[in-house]
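Engineer: Would you mind keeping the following structure in view while I ask a few things?
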Amino acid sequence: MKPNNFLLTLLILVVFSPSLLFAQDRLNFEEALRIDFVLSGNHQEQTVTIVNYLKSPNYQCSPGQAIPNYDYGSYRVLLIEKEKLDTLFIKGFCTLFEEWQSTPEANKKERAFRQTVETPFPLKEVFVKLELRDSMGMFRTLRSEFFSPSSIIQKLSPERFPSKKIHGIEDPSRQLDLLILAEGYTKDETETFFEDAENVSLQLLSTPPYDQLKDKITIRAMAVPSGDSGTNNPQKEEWGNTAMGSSFNTFGTDRYLESLYTWKIFDYSAAHPRDHIIVLVNTKKYGGGGVYNHFSITSAGHPYSAKVLIHEIGHGLAGLGDEYYSPDVSYSDFFDLKTEPWHPNITTLVDFESKWKNLIDESTPIPTPANNKYKNITGVFEGAGYSAKGIYRPAINCRMKSNEADGFCEVCKLSIKKAVNFYTK
Ligand SMILES: [Zn+2]
């Protein structure tokens, strides 16, 4: 049976909504249960091992954010109450491990990746369930284990480095809280970091649809100091001692700037509310990365830095897929053309009803020719998700496709609005 995202969403709403009524008494939304785990395996198989449970402060979400009304992510975490089996919390997310699984290296060897997912802190005993979406689009359990709040032996006391509120108000439970962390800035470069963080924030907040959502967004920046200025650039043999160990050339793609030190990043981020974490890297070289409900990362000093960051937050915050296809990305067959991808802005046309069909004018052909006649309209244009054939995008150009685009397409704008509104419930 073909997966139907619309039906899946309905099912989630119908089955899980009553639990919302109870979530308030059973979860502490001010503090996080931080689940540190390792994903390991090869291109076909994976195992999850939970390494540690931590209590982490300044989480600051609200009961309205316990169960999203959308169903994104290749993985998800669920908290299920032990006694009545009520589902108290669901969060979808993606991992660097799944990206690595599509690289040629994964055909030859095994690797392990450090992952973290945070949930509100349970006040009662729960089952923690980690699930993986299969090739048919359905979730299956990777690991389910019992968790008792009394078993916690570590509460994080995050280091507080110089911090600045760049935009917004102090009501973390009703705002989308973006936290920008400095990477590769020395102590002497603290002011440079705050200037860079303000610069990218201004550009983010002036980009539609964020410009209309400004009142719902708070942005804070924290100047985590690094021993060395810059980042690791393996192709030029440039190495440095930085707070979060970021590096270019991730998975063999030079411009793919990432950090594999996820646990360190979540250690630092615990100093502030953090619906989404942004790592700003002190380098002029072009690059970045964004993984859904993980973190977004970009270089600060390139002329395109703000555009790259806005693109990466599209992945990290709103679950948007890449609308480009290019030979220099090292993923092979990242999407199964027989299944509808869960990303809101790309389609294989397997279940287009669940996507943006309602936004398309009757006179617009499907697929839509990528010519001047359809330049500024919402259609179904072939080429997206790293593949020139079989995957389609909503517009000829979009911020999720290229830096030359004027901004986001209508489908991406709607998806971002949905994500921001979710965090302000
Ligand atoms: Zn788009």
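For the structure tokens, the naming scheme is as follows: chains receive sequential letters (A, B, ...) according to their order of presentation, residues are indexed from 1 within each chain, and ligands are indexed from 1 in presentation order.
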Skipping near chain neighbours, those fewer than 6 positions away, what residues fall within 12 Å of segment 361-377 of chain A using only C-alpha atoms, listed as a list in words?

Structural biologist: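 My reading of the contact set: Thr347, Thr348, Leu349, Phe352, Gly383, Lys389, Gly390, Ile391, Tyr392, Arg393, Pro394, Ala395, Ile396, Asn397, Cys398, Ala405, Asp406, Gly407, Phe408, Cys409, Glu410 and Val411 of chain A.
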
Engineer: Segment 268-336 of chain A: which residues are helix (DSSP H, G or I) by DSSP, as an MDAnalysis selection string?

Structural biologist: chainID A and resid 268:269 305:318

Engineer: Could those residues be written to a file, using C-alpha atoms, as a PDB file, in the first residue's frame?

Structural biologist:
ATOM      1  CA  TYR A 268      26.760  24.584  24.952  1.00  0.00           C
ATOM      2  CA  SER A 269      23.185  25.182  23.781  1.00  0.00           C
ATOM      3  CA  SER A 305      26.603  33.404   4.037  1.00  0.00           C
ATOM      4  CA  ALA A 306      23.158  34.743   4.969  1.00  0.00           C
ATOM      5  CA  LYS A 307      21.560  33.079   1.931  1.00  0.00           C
ATOM      6  CA  VAL A 308      23.214  29.779   2.805  1.00  0.00           C
ATOM      7  CA  LEU A 309      22.068  30.076   6.414  1.00  0.00           C
ATOM      8  CA  ILE A 310      18.480  30.825   5.350  1.00  0.00           C
ATOM      9  CA  HIS A 311      18.608  27.751   3.082  1.00  0.00           C
ATOM     10  CA  GLU A 312      20.036  25.541   5.847  1.00  0.00           C
ATOM     11  CA  ILE A 313      17.431  26.696   8.392  1.00  0.00           C
ATOM     12  CA  GLY A 314      14.872  25.645   5.772  1.00  0.00           C
ATOM     13  CA  HIS A 315      16.142  22.083   6.318  1.00  0.00           C
ATOM     14  CA  GLY A 316      16.841  22.343  10.041  1.00  0.00           C
ATOM     15  CA  LEU A 317      13.685  24.085  11.197  1.00  0.00           C
ATOM     16  CA  ALA A 318      11.013  23.469   8.544  1.00  0.00           C
TER      17      ALA A 318
END

Engineer: Mind giving me the straight-line distance from atom CA of Asp177 of chain A to atom CA of Thr283 of chain A in Å, one decimal?

Structural biologist: 24.8 Å

Engineer: Given the choices A:Lys214, A:Leu79, A:Ser354, A:Asp188, which gets closest to His167 of chain A if the distance is worked out from only C-alpha atoms?

Structural biologist: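 So, comparing all the options, the nearest one is A:Lys214.
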
Engineer: Excluding Glu195 of chain A and any residue of its chain fewer than 3 positions from it, enumerate the residues within 12 Å of it, using only C-alpha atoms, and give them as a ChimeraX atom specification.

Structural biologist: /A:164,166,180,182,185,189-192,198-202,221-223,280,282,300-301

Engineer: Quick one: everything within 8 Å of segment 55-58 of chain A, counting only C-alpha atoms, minus sequence neighbours fewer than 2 positions away in the same chain. Send it as an MDAnalysis selection string.

Structural biologist: chainID A and resid 30:34 53 60 121 152 154:157 270:274

Engineer: For the residues in the current selection, export C-alpha atoms as a PDB file, in the first residue's frame.

Structural biologist:
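Contents of part-v3.pdb, as written:
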ATOM      1  CA  GLU A  30      10.849  23.874  31.152  1.00  0.00           C
ATOM      2  CA  GLU A  31      13.554  21.204  31.244  1.00  0.00           C
ATOM      3  CA  ALA A  32      14.678  18.654  28.661  1.00  0.00           C
ATOM      4  CA  LEU A  33      15.281  14.963  28.752  1.00  0.00           C
ATOM      5  CA  ARG A  34      18.375  14.840  26.550  1.00  0.00           C
ATOM      6  CA  TYR A  53      20.052  10.258  29.547  1.00  0.00           C
ATOM      7  CA  GLN A  60      11.263  26.044  27.458  1.00  0.00           C
ATOM      8  CA  PHE A 121      11.383  15.966  30.904  1.00  0.00           C
ATOM      9  CA  ILE A 152      18.816  10.386  36.127  1.00  0.00           C
ATOM     10  CA  GLN A 154      23.400  13.962  35.686  1.00  0.00           C
ATOM     11  CA  LYS A 155      21.900  17.421  35.272  1.00  0.00           C
ATOM     12  CA  LEU A 156      23.785  19.673  32.894  1.00  0.00           C
ATOM     13  CA  SER A 157      25.141  22.946  34.281  1.00  0.00           C
ATOM     14  CA  ALA A 270      21.750  24.230  27.194  1.00  0.00           C
ATOM     15  CA  ALA A 271      22.589  27.765  28.419  1.00  0.00           C
ATOM     16  CA  HIS A 272      19.566  29.227  26.574  1.00  0.00           C
ATOM     17  CA  PRO A 273      16.148  28.316  25.146  1.00  0.00           C
ATOM     18  CA  ARG A 274      16.796  26.555  21.821  1.00  0.00           C
TER      19      ARG A 274
END

Engineer: Please return, as number ranges by chain, all residues of segment 206-310 of chain A that DSSP assigns to strand (DSSP E) on the basis of the backbone.

Structural biologist: A: 217-222, 276-281, 288-291, 295-299

Engineer: Let's have the selection written as a short mmCIF file (atom, residue, chain, number, x, y, z; two decimals), in the first residue's frame, with N, CA and C atoms.

Structural biologist:
data_model
loop_
_atom_site.label_atom_id
_atom_site.label_comp_id
_atom_site.auth_asym_id
_atom_site.auth_seq_id
_atom_site.Cartn_x
_atom_site.Cartn_y
_atom_site.Cartn_z
N ILE A 217 9.43 35.45 16.79
CA ILE A 217 10.79 34.90 16.79
C ILE A 217 11.69 35.65 17.78
N THR A 218 12.43 34.89 18.58
CA THR A 218 13.48 35.48 19.42
C THR A 218 14.82 34.87 18.99
N ILE A 219 15.82 35.73 18.83
CA ILE A 219 17.14 35.23 18.44
C ILE A 219 18.16 35.63 19.50
N ARG A 220 18.87 34.65 20.04
CA ARG A 220 19.96 34.92 20.99
C ARG A 220 21.27 34.42 20.39
N ALA A 221 22.36 35.04 20.80
CA ALA A 221 23.67 34.61 20.32
C ALA A 221 24.59 34.42 21.52
N MET A 222 25.39 33.35 21.51
CA MET A 222 26.32 33.09 22.60
C MET A 222 27.72 32.89 22.04
N HIS A 276 15.70 25.93 17.89
CA HIS A 276 16.60 25.52 16.81
C HIS A 276 17.98 26.14 17.03
N ILE A 277 19.02 25.31 16.84
CA ILE A 277 20.40 25.75 17.08
C ILE A 277 21.07 26.09 15.74
N ILE A 278 21.74 27.23 15.72
CA ILE A 278 22.49 27.65 14.53
C ILE A 278 23.96 27.81 14.93
N VAL A 279 24.85 27.12 14.25
CA VAL A 279 26.28 27.25 14.53
C VAL A 279 26.87 28.16 13.45
N LEU A 280 27.44 29.27 13.88
CA LEU A 280 28.00 30.24 12.94
C LEU A 280 29.52 30.11 12.98
N VAL A 281 30.11 29.78 11.83
CA VAL A 281 31.53 29.43 11.78
C VAL A 281 32.34 30.58 11.20
N GLY A 288 28.06 25.16 4.30
CA GLY A 288 27.09 25.01 5.38
C GLY A 288 26.41 23.66 5.34
N GLY A 289 25.49 23.46 6.27
CA GLY A 289 24.70 22.24 6.33
C GLY A 289 23.51 22.45 7.25
N GLY A 290 22.45 21.68 7.05
CA GLY A 290 21.27 21.80 7.91
C GLY A 290 20.56 20.46 7.97
N VAL A 291 20.28 19.98 9.16
CA VAL A 291 19.64 18.68 9.34
C VAL A 291 18.41 18.89 10.23
N PHE A 295 20.69 20.55 13.94
CA PHE A 295 21.11 21.96 13.98
C PHE A 295 21.45 22.40 12.57
N SER A 296 21.57 23.73 12.40
CA SER A 296 22.01 24.30 11.12
C SER A 296 23.37 24.92 11.35
N ILE A 297 24.21 24.92 10.31
CA ILE A 297 25.56 25.44 10.45
C ILE A 297 25.95 26.14 9.16
N THR A 298 26.66 27.27 9.27
CA THR A 298 27.12 27.94 8.06
C THR A 298 28.34 28.81 8.36
N SER A 299 29.09 29.11 7.31
CA SER A 299 30.21 30.03 7.47
C SER A 299 29.66 31.45 7.55
#

Engineer: Just checking: using only C-alpha atoms and all ligand atoms, which residue out of A:Tyr261, A:Phe193, A:Tyr72, A:Phe381 ends up closest to ligand 1?

Structural biologist: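 Of the candidates, the smallest distance to ligand 1 is held by A:Phe381.
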